[in-house]
Structures are given as structure tokens and as C-alpha cells.
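K.L.:
Just dropping this structure here.
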Amino acid sequence: MSVDPRAGLHDESPSGEVREETMIVNLGPQHPSTHGVLRLLLELDGETVVSCRPIIGYLHTGIEKNCEYRTWQQAVAFVTRADYLSPFFNELAYCLAVERLLGIEAPPRAQVLRVMFAEMNRVSSHLVWLATAGLELGAVSLMLYGFRERERILDIFEAATGLRMNHAYFRIGGVVMDLPEGAEDRIREFLAMMPGRIGEYEAILSRNPIWIGRNRGVGYLSAEDALALGVTGPTLRAAGVAKDVRRDEPYCGYDTYDFEVVTREEADCYARFEIRIEEMKQSLAIIGQCLDRLEPGAVMVQDPKVRWPGELEVGPDGIGNSPAYVKHIMEESMEALIHHFKMVTEGVQVPAGEVYQPVESPRGELGLYVVSNGDHHPYRVKIRDPSFVNCQAIPTMMAGGLVADAIAVISSFDPVMGGVDR
Amino acid sequence: MRAAELAERVRAAVAETAVVVDVVVARDEVTAIADRSDLLGALEKLRNDTELSFDFLSSVTATDWPGRSPRFWVAYELYSLSHRHRLRVKVGLPEEDPRVPSVTPAYPTANWHERETYDFFGIVFDGHPDLRRILLPDGWESHPLRKTEELGGVNTRYKGAFIPPVDRRTT
């Protein structure tokens, strides 16, 4: 007795008529491969995606509104939580914007430290992308490799800032404190290790037929469409447009660093993978240049009306006032206590005006539009998050593809929902 | 192009339209104050002028100034890929009629930006293809980033009970 293996698998319905209606499928918001809480309404015709509607907002925490109720200094700790995989970039854009409103500039050493931490953050962010993208497309070992190396970066961050994420390390007028002892050696060690590790990722993926099959020609987004939809970052550079804020509108002295803006022409998921791998190499080169440039010096402006009054140091629970400073204000100097109290409760006063400050985050152009009315609080802080804008391109990248490709598409432009929903 | 030159060039490009009321330079940024009547036409002029070619819209947002006239300012951040310069276009909107033409025909990326601005400030973008809330739930009342809305002033329902806003809790 034999069983027909194709029984029940025929395309025709039992009545013999061809079904023409499409099916609506909900992908997310709680789906492990949607990078957080992204929800997609997919309209399917069999396995083909006919149309797609992204629905966002599940992670909205009102960061922009909250900033208006805090002092200028406190707002750093809010914006850093928007895109939680690239906290340094949020802080950087905000601090640069406020510094432009104040008409001040961070000291040279602080500028170099900012570039160095931002680039390490770019590598760690791309590593998370690599790890999760690998996991979603079946290369599970990549998951372990990516997070293993990221851990090394987070250890350096923790040693320097006291926290692994949401550091609030960049402050208005500089950075909160200098590097701890031995940090430079650890960074050098990391720089020596990484090229080999990146080689490993390439060895696993670059000639891997499954990886190529899942990514090559998938999620095509032409340069024209990308620009019309406001897409920036690796997704745009994968379509051949060399837009990089670091080079086009340099900040923190990026014009004096030697690095390349990597582009590809294929505009598919595989090109985005190649770009991120190359960008990691470029970032490592920049970090090396930063280490060579680190000269001793102040890391915060000296103006007492801007700088945080306390001496800070890393304690067991993160950054806090150093015990010596607490003793000084509590027992020795009344004036220091008054000044401390004023700076902590009121903080900086920023002249009225408005500024839009773009920086190149791992996901594209991150812009902060900061408005002051001359008060001790920001009047408006708008975060132009690249993930938010890039999500608009999901329907274009997915239309006509397969459901399985939807996952490749989402991971290829690396949205972080903390940034999308803010 | 330096900010002053750019401002001059913007003035010349939109001179005959009379939509741009003023061009201001502050902190190396050029801001064009525009009237909402033919905003789309003005933006298209700025985009198509070869010396300006503002072909990329970075961001759209608004600010709320209650008690002033106009109460709302909508700000468009334009960027030129070929010339690498920026321009902010601002449009003032009165409190009783916060409406402005949508710029989605010229810049499709404005779609979500305008939805967000509508969601946060209640500014209506005429001609927008799909003007719904984007970050807040569809049934949400009020537009939370208006200055008249307080922070955290929202009741929440938990297991059938209403939890008062954070700033009005007694315990």
C-alpha cells in the first residue's frame, strides 16, 4: 500500500476553483526577529509579500517630552536611552548641539575621546547587528562570536564610564572624566585582536552559499528610492551613495582623520553586510589614530557656569561624586556647596536659539534639533533617529519578495526600536 | 558655500514667489521663514535650483509656543547631497487653525515625519496620504508634546483599576 506524498498539497481548492484572495499575516510585535517590538502587517499571496505596513510605537517612552522637564545636563541621560545600541552617538549629537547653542567647544582631548568612544560604539553596534542577523538567517555561531567581541568593548566602556550601556559619559563641554588607568592598553589589545576576528566572520559568511543565497539580490532598494524615503547609513551607501556625515559635515575634527567612506553598488542585503564589515575595519583604524593623538589635558571646559561642579569617579554602582569632593562641599567650603547646589538644581543656562546637529550613527544620520528659550531646561529636543526614517523603506524593500526574505530585509537595515519609538 | 552666501542665494531663488518672508543666519545655520500658502512650490524651487539643490529632507518637526502668535512653528530640515549644505524652513501656524500643506509630493520621506508631528502637536498636514497617529495608540486623546499637556498626566488602567498620573498620586 502506498501513500501519495503529494496528497493534500495540490494548489487547487477541493471545489476546484482557484483561490484569488490574499492573506493578512501579522509579523510581530513580539517576534524574535523583528529587533524589538516592530509589527508588520504582511499581505501575502502564497509565499509572496504583496504589501506590507509597518506599525511602530510600542516602545514609545516620551524621551523628547521628558527632556523638556529636566535641566540641560540631565537631558543627556535621557537622549542616551533612545537608540540603546548606540548611546554614545545620541549623547554626542545632543552635547554638540547644546555646545553650539552655548558657543563653546570641548577641549582637544575630550574631542579625541569622543571620536574614540563613538567609533568603538560603532563597532559594538555593528557586532550586535552581525550577531542577530546571523542568528535570524541560520548562522547561529555568528550570534556567539558577535556578542563575544562586543563584550570586550562593553568591558572597556564599563571601566571608563561605569556602565555598559546608557553611559551619559559625554557631557556638555566635554566628557565626564578621563580614561581610567590601563584603558589605553586594553583598547590597544582590542585593536590587535579584532582584525583576526573580523577575518573569521568573513571566512564564515563571505563564501557561504546559504548566506549568499539568503542575502544576494534580496531587499533591493535603489539609490533614488532610498533618497526619496530619507534612508541613510549603510543602507544608502550600499546603493552607491557616499553620504557620511563624518566626511560631509565634519564634527569633532573628523576631517583630520584618515578613513574611507565605503560604498557598494548592488543595493541588496549582501552589500549592506559587506559595508558593515568594512566599516568596522575603518572604525578600528580611526580608534588607532585616536590613541596616537591622545595628549594629556583637560577633558571638560573650565567655565564653572558650564561644567559639572563635582569631581566624579567610577564607584561600584556607576559614576558618582568622589568622596573627597563630597567632604569638600559638606565640611570645608560653604561657597562650594552653594555653587554645587545651584549647578545641580538649575544647571546650565543656554542662550535662546535653535540648532540642528547631525552625526553619523551606525544606522545613518542621527540629528538632534534642540531649541532653547534661554531657560535652564531645553525647550524642545527632537531626535531625528535614522532607524525611524529607515523603517519607512520596509514596504519598498519587501514588495514582491518572499516571507522568508522579510526577515533578511529587516535585519539588513538594522533598526533599533528604542530609537524608532523614542 | 558659507552661510551668508547661502542665505543670499536662497533669497534670490525664492524672490518672485513671495512665500519666503525672511531669511535669517544664526550659528552658521540658515533659516528661511516661509508662509504656508505655497510652501510646496517654494520647496520645489529650492530643490530644483541647481546651485541649491536641496534634494534631501532630513527631518520635520514642530515647536509649540503658547501665548505667542503664531503659536506653532513647523521646521523642515533640508540638505543638499551635492553641495553639502543645509537649510531650515520654518512655517508659523496660528493656534485656531494649525494646518499646513503636506510636502509628501516633493519629499516622500515627509510621510512619517508629518504623521509624528501630527501625533505630537496636532498639526494637520493637508493633502497627506495617510494622516494617522504613528507612535501613540490610535485612540489616544490630546497631543502630548504641546506645552499645555503636562508630563505624565495620564490615567492608566491596570487590572480594571485606574492609576492616577504620577504627579497626582497620594501614596
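Order determines the names: the first chain of the C-alpha cells is A, the second B, and so forth; residues in each chain are numbered 1 upward, and ligands are numbered 1 upward as they are shown.
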Excluding A:Glu360 and its own-chain neighbours fewer than 2 positions away, which residues fall within 6 Å of it when counting only C-alpha atoms? Please give them as number ranges by chain.

P.N.:
A: 245-246, 364-365

K.L.:
Using N, CA and C atoms, can you write the selected residues to a file as a PDB file, in the first residue's frame?

P.N.:
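result_2.pdb, written as the output of this step:
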ATOM      1  N   VAL A 245      28.017  61.686   7.276  1.00  0.00           N
ATOM      2  CA  VAL A 245      28.096  62.995   7.930  1.00  0.00           C
ATOM      3  C   VAL A 245      29.501  63.275   8.427  1.00  0.00           C
ATOM      4  N   ARG A 246      30.237  62.228   8.803  1.00  0.00           N
ATOM      5  CA  ARG A 246      31.586  62.433   9.317  1.00  0.00           C
ATOM      6  C   ARG A 246      32.457  63.135   8.294  1.00  0.00           C
ATOM      7  N   GLY A 364      22.936  55.595  10.382  1.00  0.00           N
ATOM      8  CA  GLY A 364      22.700  56.687   9.449  1.00  0.00           C
ATOM      9  C   GLY A 364      22.759  58.033  10.120  1.00  0.00           C
ATOM     10  N   GLU A 365      22.081  58.985   9.504  1.00  0.00           N
ATOM     11  CA  GLU A 365      22.156  60.343  10.025  1.00  0.00           C
ATOM     12  C   GLU A 365      21.291  60.495  11.264  1.00  0.00           C
TER      13      GLU A 365
END

K.L.:
Would you mind listing, for every residue of chain A within 8 Å of chain B, the two atoms forming the shortest contact and the distance between them in Å to one decimal, using only C-alpha atoms, sorted by chain and ascending residue number, as JSON lines?

P.N.:
{"residue": "A:Ile55", "atom": "CA", "partner": "B:Ile134", "partner_atom": "CA", "distance": 7.6}
{"residue": "A:Ile56", "atom": "CA", "partner": "B:Leu135", "partner_atom": "CA", "distance": 6.1}
{"residue": "A:Gly57", "atom": "CA", "partner": "B:Leu135", "partner_atom": "CA", "distance": 3.8}
{"residue": "A:Tyr58", "atom": "CA", "partner": "B:Leu135", "partner_atom": "CA", "distance": 7.3}
{"residue": "A:His60", "atom": "CA", "partner": "B:Leu135", "partner_atom": "CA", "distance": 6.4}
{"residue": "A:Lys65", "atom": "CA", "partner": "B:Leu145", "partner_atom": "CA", "distance": 6.1}
{"residue": "A:Asn66", "atom": "CA", "partner": "B:Leu151", "partner_atom": "CA", "distance": 7.2}
{"residue": "A:Tyr69", "atom": "CA", "partner": "B:Leu151", "partner_atom": "CA", "distance": 7.9}
{"residue": "A:Arg100", "atom": "CA", "partner": "B:Arg27", "partner_atom": "CA", "distance": 7.3}
{"residue": "A:Leu101", "atom": "CA", "partner": "B:Arg27", "partner_atom": "CA", "distance": 7.7}
{"residue": "A:Leu227", "atom": "CA", "partner": "B:Phe56", "partner_atom": "CA", "distance": 6.6}
{"residue": "A:Ala228", "atom": "CA", "partner": "B:Pro108", "partner_atom": "CA", "distance": 5.7}
{"residue": "A:Leu229", "atom": "CA", "partner": "B:Thr109", "partner_atom": "CA", "distance": 4.1}
{"residue": "A:Gly230", "atom": "CA", "partner": "B:Thr109", "partner_atom": "CA", "distance": 5.2}
{"residue": "A:Lys243", "atom": "CA", "partner": "B:Leu81", "partner_atom": "CA", "distance": 7.4}
{"residue": "A:Asp248", "atom": "CA", "partner": "B:Arg84", "partner_atom": "CA", "distance": 6.3}
{"residue": "A:Glu249", "atom": "CA", "partner": "B:Arg84", "partner_atom": "CA", "distance": 7.3}
{"residue": "A:Val355", "atom": "CA", "partner": "B:Glu29", "partner_atom": "CA", "distance": 7.6}
{"residue": "A:Tyr356", "atom": "CA", "partner": "B:Glu77", "partner_atom": "CA", "distance": 8.0}
{"residue": "A:Arg380", "atom": "CA", "partner": "B:Thr63", "partner_atom": "CA", "distance": 6.8}
{"residue": "A:Lys382", "atom": "CA", "partner": "B:Thr61", "partner_atom": "CA", "distance": 7.3}
{"residue": "A:Arg384", "atom": "CA", "partner": "B:Ser59", "partner_atom": "CA", "distance": 6.3}
{"residue": "A:Val389", "atom": "CA", "partner": "B:Thr109", "partner_atom": "CA", "distance": 7.3}
{"residue": "A:Gln392", "atom": "CA", "partner": "B:Trp112", "partner_atom": "CA", "distance": 7.2}
{"residue": "A:Asp421", "atom": "CA", "partner": "B:Leu135", "partner_atom": "CA", "distance": 6.3}

K.L.:
Using only C-alpha atoms, which residue out of A:Val359, A:Met343, A:Val123, A:Ala139 lies closest to A:Arg247?

P.N.:
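Comparing A:Val359, A:Met343, A:Val123, A:Ala139 against A:Arg247, the winner is A:Val359.
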
K.L.:
What is the distance, in Å and to one decimal place, between atom CA of A:Glu346 and atom CA of A:Asp375?

P.N.:
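Atom-to-atom, atom CA of A:Glu346 and atom CA of A:Asp375 are spaced 9.4 Å apart.
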
K.L.:
For B:Pro66, please output as an mmCIF file with N, CA and C atoms, in the first residue's frame all residues within 9 Å (counting only C-alpha atoms; exclusion window: fewer than 2 positions along the same chain).

P.N.:
data_model
loop_
_atom_site.group_PDB
_atom_site.id
_atom_site.type_symbol
_atom_site.label_atom_id
_atom_site.label_comp_id
_atom_site.auth_asym_id
_atom_site.auth_seq_id
_atom_site.Cartn_x
_atom_site.Cartn_y
_atom_site.Cartn_z
ATOM 1 N N ASP B 64 6.054 74.393 20.003
ATOM 2 C CA ASP B 64 4.801 74.971 20.479
ATOM 3 C C ASP B 64 5.123 76.141 21.405
ATOM 4 N N ARG B 68 1.901 82.954 22.293
ATOM 5 C CA ARG B 68 2.524 83.790 21.266
ATOM 6 C C ARG B 68 1.745 83.643 19.976
ATOM 7 N N SER B 69 2.006 84.524 19.073
ATOM 8 C CA SER B 69 1.401 84.410 17.754
ATOM 9 C C SER B 69 2.507 84.511 16.711
ATOM 10 N N PRO B 70 2.666 83.543 15.846
ATOM 11 C CA PRO B 70 1.922 82.281 15.770
ATOM 12 C C PRO B 70 2.329 81.318 16.884
ATOM 13 N N ARG B 71 1.396 80.424 17.226
ATOM 14 C CA ARG B 71 1.685 79.520 18.340
ATOM 15 C C ARG B 71 2.622 78.386 17.924
ATOM 16 N N PHE B 72 2.408 77.833 16.738
ATOM 17 C CA PHE B 72 3.220 76.680 16.313
ATOM 18 C C PHE B 72 4.200 77.089 15.221
ATOM 19 N N GLU B 95 -2.876 79.342 16.359
ATOM 20 C CA GLU B 95 -3.437 78.373 17.302
ATOM 21 C C GLU B 95 -4.777 77.818 16.821
ATOM 22 N N ARG B 146 2.484 69.171 23.056
ATOM 23 C CA ARG B 146 2.079 70.558 23.233
ATOM 24 C C ARG B 146 2.453 70.971 24.644
ATOM 25 N N LYS B 147 2.843 72.231 24.793
ATOM 26 C CA LYS B 147 3.284 72.694 26.110
ATOM 27 C C LYS B 147 2.131 72.703 27.112
ATOM 28 N N THR B 148 0.893 72.721 26.622
ATOM 29 C CA THR B 148 -0.253 72.742 27.524
ATOM 30 C C THR B 148 -0.538 71.363 28.105
#

K.L.:
Name the residues of stretch 30-87 of chain B that come out as alpha helix (DSSP H) in a backbone DSSP run; write them as a PyMOL selection string.

P.N.:
chain B and resi 39-48

K.L.:
Just write the chosen residues, C-alpha atoms, as a PDB file, in the first residue's frame.

P.N.:
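As a result, again21.pdb now contains:
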ATOM      1  CA  LEU B  39       5.059  76.012   0.819  1.00  0.00           C
ATOM      2  CA  LEU B  40       5.271  73.107  -1.594  1.00  0.00           C
ATOM      3  CA  GLY B  41       6.054  75.402  -4.515  1.00  0.00           C
ATOM      4  CA  ALA B  42       8.800  77.126  -2.550  1.00  0.00           C
ATOM      5  CA  LEU B  43      10.391  73.832  -1.512  1.00  0.00           C
ATOM      6  CA  GLU B  44      10.289  72.597  -5.093  1.00  0.00           C
ATOM      7  CA  LYS B  45      12.057  75.774  -6.208  1.00  0.00           C
ATOM      8  CA  LEU B  46      14.749  75.214  -3.581  1.00  0.00           C
ATOM      9  CA  ARG B  47      15.112  71.627  -4.676  1.00  0.00           C
ATOM     10  CA  ASN B  48      15.275  72.304  -8.414  1.00  0.00           C
TER      11      ASN B  48
END

K.L.:
Please determine, counting only C-alpha atoms, which residue among A:Trp308, A:Arg363, A:Ala239, A:Gln349 has the shortest atom-to-atom distance to A:Asp225.

P.N.:
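Checking each candidate against A:Asp225, we get A:Ala239 as the closest.
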
K.L.:
Smallest atom-to-atom distance to B:Leu93: which of B:Val14, B:Ala4, B:Ile123, B:Ala161, using only C-alpha atoms?

P.N.:
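Closest to B:Leu93 of all the choices is B:Ile123.
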
K.L.:
Near A:Asn215, within 10 Å and counting only C-alpha atoms, which residues show up once chain neighbours fewer than 3 positions away are dropped, as a list in words?

P.N.:
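Here the answer would be Leu137, Pro209, Ile210, Trp211, Ile212, Val218, Gly219, Tyr220, Asp268, Cys269, Tyr270, Ala271, Arg272, Phe273, Asp405, Ala408, Val409 and Ser412 of chain A.
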
K.L.:
Would you mind exporting C-alpha atoms of the selected residues as an mmCIF file, in the first residue's frame?

P.N.:
data_model
loop_
_atom_site.group_PDB
_atom_site.id
_atom_site.type_symbol
_atom_site.label_atom_id
_atom_site.label_comp_id
_atom_site.auth_asym_id
_atom_site.auth_seq_id
_atom_site.Cartn_x
_atom_site.Cartn_y
_atom_site.Cartn_z
ATOM 1 C CA LEU A 137 19.350 33.655 8.918
ATOM 2 C CA PRO A 209 26.386 29.567 -0.140
ATOM 3 C CA ILE A 210 23.476 29.736 2.318
ATOM 4 C CA TRP A 211 24.409 33.236 3.483
ATOM 5 C CA ILE A 212 24.820 34.405 -0.112
ATOM 6 C CA VAL A 218 17.232 40.333 -1.586
ATOM 7 C CA GLY A 219 15.764 43.579 -0.278
ATOM 8 C CA TYR A 220 16.763 45.747 -3.216
ATOM 9 C CA ASP A 268 20.872 44.435 -1.623
ATOM 10 C CA CYS A 269 21.181 42.786 1.789
ATOM 11 C CA TYR A 270 24.552 41.299 0.920
ATOM 12 C CA ALA A 271 26.013 44.707 0.026
ATOM 13 C CA ARG A 272 24.843 46.022 3.414
ATOM 14 C CA PHE A 273 26.621 43.127 5.101
ATOM 15 C CA ASP A 405 13.135 37.359 2.823
ATOM 16 C CA ALA A 408 16.549 39.219 5.896
ATOM 17 C CA VAL A 409 15.267 42.648 4.927
ATOM 18 C CA SER A 412 19.725 44.150 6.797
#

K.L.:
Can you pull out every residue within 9 Å of A:Ile286, counting only C-alpha atoms, but drop anything in the same chain fewer than 6 positions away, and send it as a ChimeraX atom specification?

P.N.:
/A:115-116,119,257-259

K.L.:
Can you list, as a PyMOL selection string, every protein, DNA or RNA residue that comes within 12 Å of B:Ala15 when you count only C-alpha atoms, leaving out same-chain residues fewer than 5 positions away?

P.N.:
chain B and resi 7-10+20-23+32+34+42+45-46

K.L.:
How would the residues just picked look written out with C-alpha atoms as a PDB file, in the first residue's frame?

P.N.:
ATOM      1  CA  ALA B   7      21.238  82.908   2.585  1.00  0.00           C
ATOM      2  CA  GLU B   8      21.705  85.339  -0.283  1.00  0.00           C
ATOM      3  CA  ARG B   9      21.247  82.572  -2.822  1.00  0.00           C
ATOM      4  CA  VAL B  10      18.092  81.304  -1.086  1.00  0.00           C
ATOM      5  CA  VAL B  20       9.585  83.110   1.921  1.00  0.00           C
ATOM      6  CA  VAL B  21       9.122  86.077   4.201  1.00  0.00           C
ATOM      7  CA  ASP B  22      12.622  86.277   5.657  1.00  0.00           C
ATOM      8  CA  VAL B  23      15.999  84.524   5.630  1.00  0.00           C
ATOM      9  CA  ALA B  32      14.043  80.632   5.869  1.00  0.00           C
ATOM     10  CA  ALA B  34       8.018  80.869   4.988  1.00  0.00           C
ATOM     11  CA  ALA B  42       8.800  77.126  -2.550  1.00  0.00           C
ATOM     12  CA  LYS B  45      12.057  75.774  -6.208  1.00  0.00           C
ATOM     13  CA  LEU B  46      14.749  75.214  -3.581  1.00  0.00           C
TER      14      LEU B  46
END

K.L.:
Run DSSP on the backbone and grab whatever in stretch 82-162 of chain B lands in strand (DSSP E or B); send it over as a tab-separated table (two decimals) with N, CA and C atoms, in the first residue's frame.

P.N.:
chain	number	residue	atom	x	y	z
B	86	ARG	N	22.96	72.96	4.34
B	86	ARG	CA	21.67	72.75	4.97
B	86	ARG	C	20.86	74.03	5.01
B	87	LEU	N	19.56	73.83	5.08
B	87	LEU	CA	18.65	74.97	5.20
B	87	LEU	C	17.47	74.53	6.06
B	88	ARG	N	17.07	75.40	6.96
B	88	ARG	CA	15.85	75.11	7.72
B	88	ARG	C	14.75	76.02	7.21
B	89	VAL	N	13.62	75.43	6.90
B	89	VAL	CA	12.46	76.23	6.50
B	89	VAL	C	11.45	76.16	7.63
B	90	LYS	N	11.03	77.32	8.11
B	90	LYS	CA	10.07	77.34	9.22
B	90	LYS	C	8.78	78.03	8.80
B	91	VAL	N	7.69	77.42	9.26
B	91	VAL	CA	6.38	77.94	8.92
B	91	VAL	C	5.61	78.17	10.21
B	92	GLY	N	5.12	79.37	10.40
B	92	GLY	CA	4.34	79.68	11.61
B	92	GLY	C	2.88	79.39	11.38
B	93	LEU	N	2.22	78.78	12.39
B	93	LEU	CA	0.81	78.41	12.26
B	93	LEU	C	0.02	78.97	13.45
B	99	ARG	N	-2.89	74.29	10.37
B	99	ARG	CA	-2.87	73.48	9.16
B	99	ARG	C	-1.74	73.96	8.26
B	100	VAL	N	-1.13	73.03	7.57
B	100	VAL	CA	-0.06	73.37	6.64
B	100	VAL	C	-0.11	72.34	5.52
B	101	PRO	N	0.21	72.74	4.28
B	101	PRO	CA	0.19	71.74	3.19
B	101	PRO	C	1.26	70.67	3.43
B	124	VAL	N	-2.23	69.67	11.41
B	124	VAL	CA	-2.83	68.92	10.31
B	124	VAL	C	-2.09	69.24	9.02
B	125	PHE	N	-1.65	68.20	8.33
B	125	PHE	CA	-0.93	68.38	7.07
B	125	PHE	C	-1.90	68.10	5.93
B	126	ASP	N	-2.38	69.14	5.28
B	126	ASP	CA	-3.36	68.99	4.21
B	126	ASP	C	-2.75	68.25	3.03
B	156	THR	N	-3.80	55.41	33.89
B	156	THR	CA	-3.55	54.12	33.28
B	156	THR	C	-4.45	53.09	33.93
B	157	ARG	N	-4.88	52.15	33.10
B	157	ARG	CA	-5.76	51.11	33.62
B	157	ARG	C	-4.92	49.87	33.87
B	158	TYR	N	-5.00	49.37	35.08
B	158	TYR	CA	-4.26	48.16	35.40
B	158	TYR	C	-5.16	47.24	36.20
B	161	ALA	N	-8.42	48.74	37.45
B	161	ALA	CA	-8.40	49.94	38.27
B	161	ALA	C	-7.68	51.06	37.53
B	162	PHE	N	-8.09	52.30	37.77
B	162	PHE	CA	-7.39	53.42	37.17
B	162	PHE	C	-6.29	53.91	38.10

K.L.:
Atom CA of A:Thr48 and atom CA of A:Glu136, how far apart in Å?

P.N.:
19.2 Å

K.L.:
Set out as a Markdown table a contact list for stretch 296-351 of chain A and stretch 180-186 of chain A with a cut-off of 12 Å, giving each residue of stretch 296-351 of chain A that qualifies its closest atom pair and distance in Å to one decimal, counting only C-alpha atoms, ordered by chain and rising residue number.

P.N.:
| residue | atom | partner | partner_atom | distance |
| --- | --- | --- | --- | --- |
| A:Leu312 | CA | A:Pro180 | CA | 12.0 |
| A:Glu313 | CA | A:Pro180 | CA | 9.4 |
| A:Val314 | CA | A:Pro180 | CA | 9.0 |

K.L.:
Using only C-alpha atoms, can you tell me which of A:Met300, A:Leu130, A:Ile172, A:Met193 comes closest to A:Arg152?

P.N.:
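Looking only at the distances to A:Arg152, the closest residue turns out to be A:Met193.
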
K.L.:
Can you list, as a ChimeraX atom specification, every protein, DNA or RNA residue that comes within 10 Å of A:Lys281 when you count only C-alpha atoms, leaving out same-chain residues fewer than 3 positions away?

P.N.:
/A:123,191,194-195,198,259-260,275-278,284-287

K.L.:
Could you save the residues just selected, with N, CA and C atoms, as a short mmCIF file (atom, residue, chain, number, x, y, z; two decimals), in the first residue's frame?

P.N.:
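Result file follows (again-v4.cif):
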data_model
loop_
_atom_site.label_atom_id
_atom_site.label_comp_id
_atom_site.auth_asym_id
_atom_site.auth_seq_id
_atom_site.Cartn_x
_atom_site.Cartn_y
_atom_site.Cartn_z
N VAL A 123 31.61 49.93 16.28
CA VAL A 123 31.99 48.53 16.13
C VAL A 123 31.05 47.65 16.96
N LEU A 191 42.28 46.34 19.69
CA LEU A 191 42.59 46.65 18.29
C LEU A 191 43.44 45.56 17.66
N MET A 194 40.96 42.41 17.02
CA MET A 194 39.78 42.49 16.14
C MET A 194 40.01 42.08 14.68
N PRO A 195 41.09 42.55 14.03
CA PRO A 195 41.20 42.19 12.60
C PRO A 195 41.11 40.69 12.35
N ILE A 198 37.45 39.70 12.70
CA ILE A 198 36.65 40.10 11.53
C ILE A 198 36.94 39.15 10.38
N PHE A 259 40.14 58.08 6.93
CA PHE A 259 39.24 56.93 6.81
C PHE A 259 38.51 57.01 5.48
N GLU A 260 37.90 55.90 5.13
CA GLU A 260 37.27 55.79 3.83
C GLU A 260 35.77 55.65 4.03
N ILE A 275 29.29 46.22 3.64
CA ILE A 275 29.58 47.59 4.09
C ILE A 275 29.84 47.61 5.59
N ARG A 276 29.02 46.90 6.36
CA ARG A 276 29.22 46.94 7.82
C ARG A 276 30.54 46.31 8.20
N ILE A 277 30.91 45.23 7.53
CA ILE A 277 32.20 44.61 7.82
C ILE A 277 33.34 45.60 7.53
N GLU A 278 33.25 46.28 6.37
CA GLU A 278 34.30 47.24 6.03
C GLU A 278 34.31 48.42 7.00
N LEU A 284 38.13 50.73 13.36
CA LEU A 284 39.31 50.30 14.09
C LEU A 284 40.49 51.19 13.72
N ALA A 285 40.59 51.55 12.43
CA ALA A 285 41.68 52.44 12.01
C ALA A 285 41.56 53.79 12.70
N ILE A 286 40.33 54.30 12.80
CA ILE A 286 40.15 55.61 13.45
C ILE A 286 40.51 55.52 14.93
N ILE A 287 40.11 54.42 15.58
CA ILE A 287 40.42 54.28 17.01
C ILE A 287 41.93 54.28 17.21
#

K.L.:
To one decimal in Å, tell me the separation between atom CA of A:Arg148 and atom CA of A:Trp129.

P.N.:
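That distance, rounded to one decimal, is 13.0 Å.
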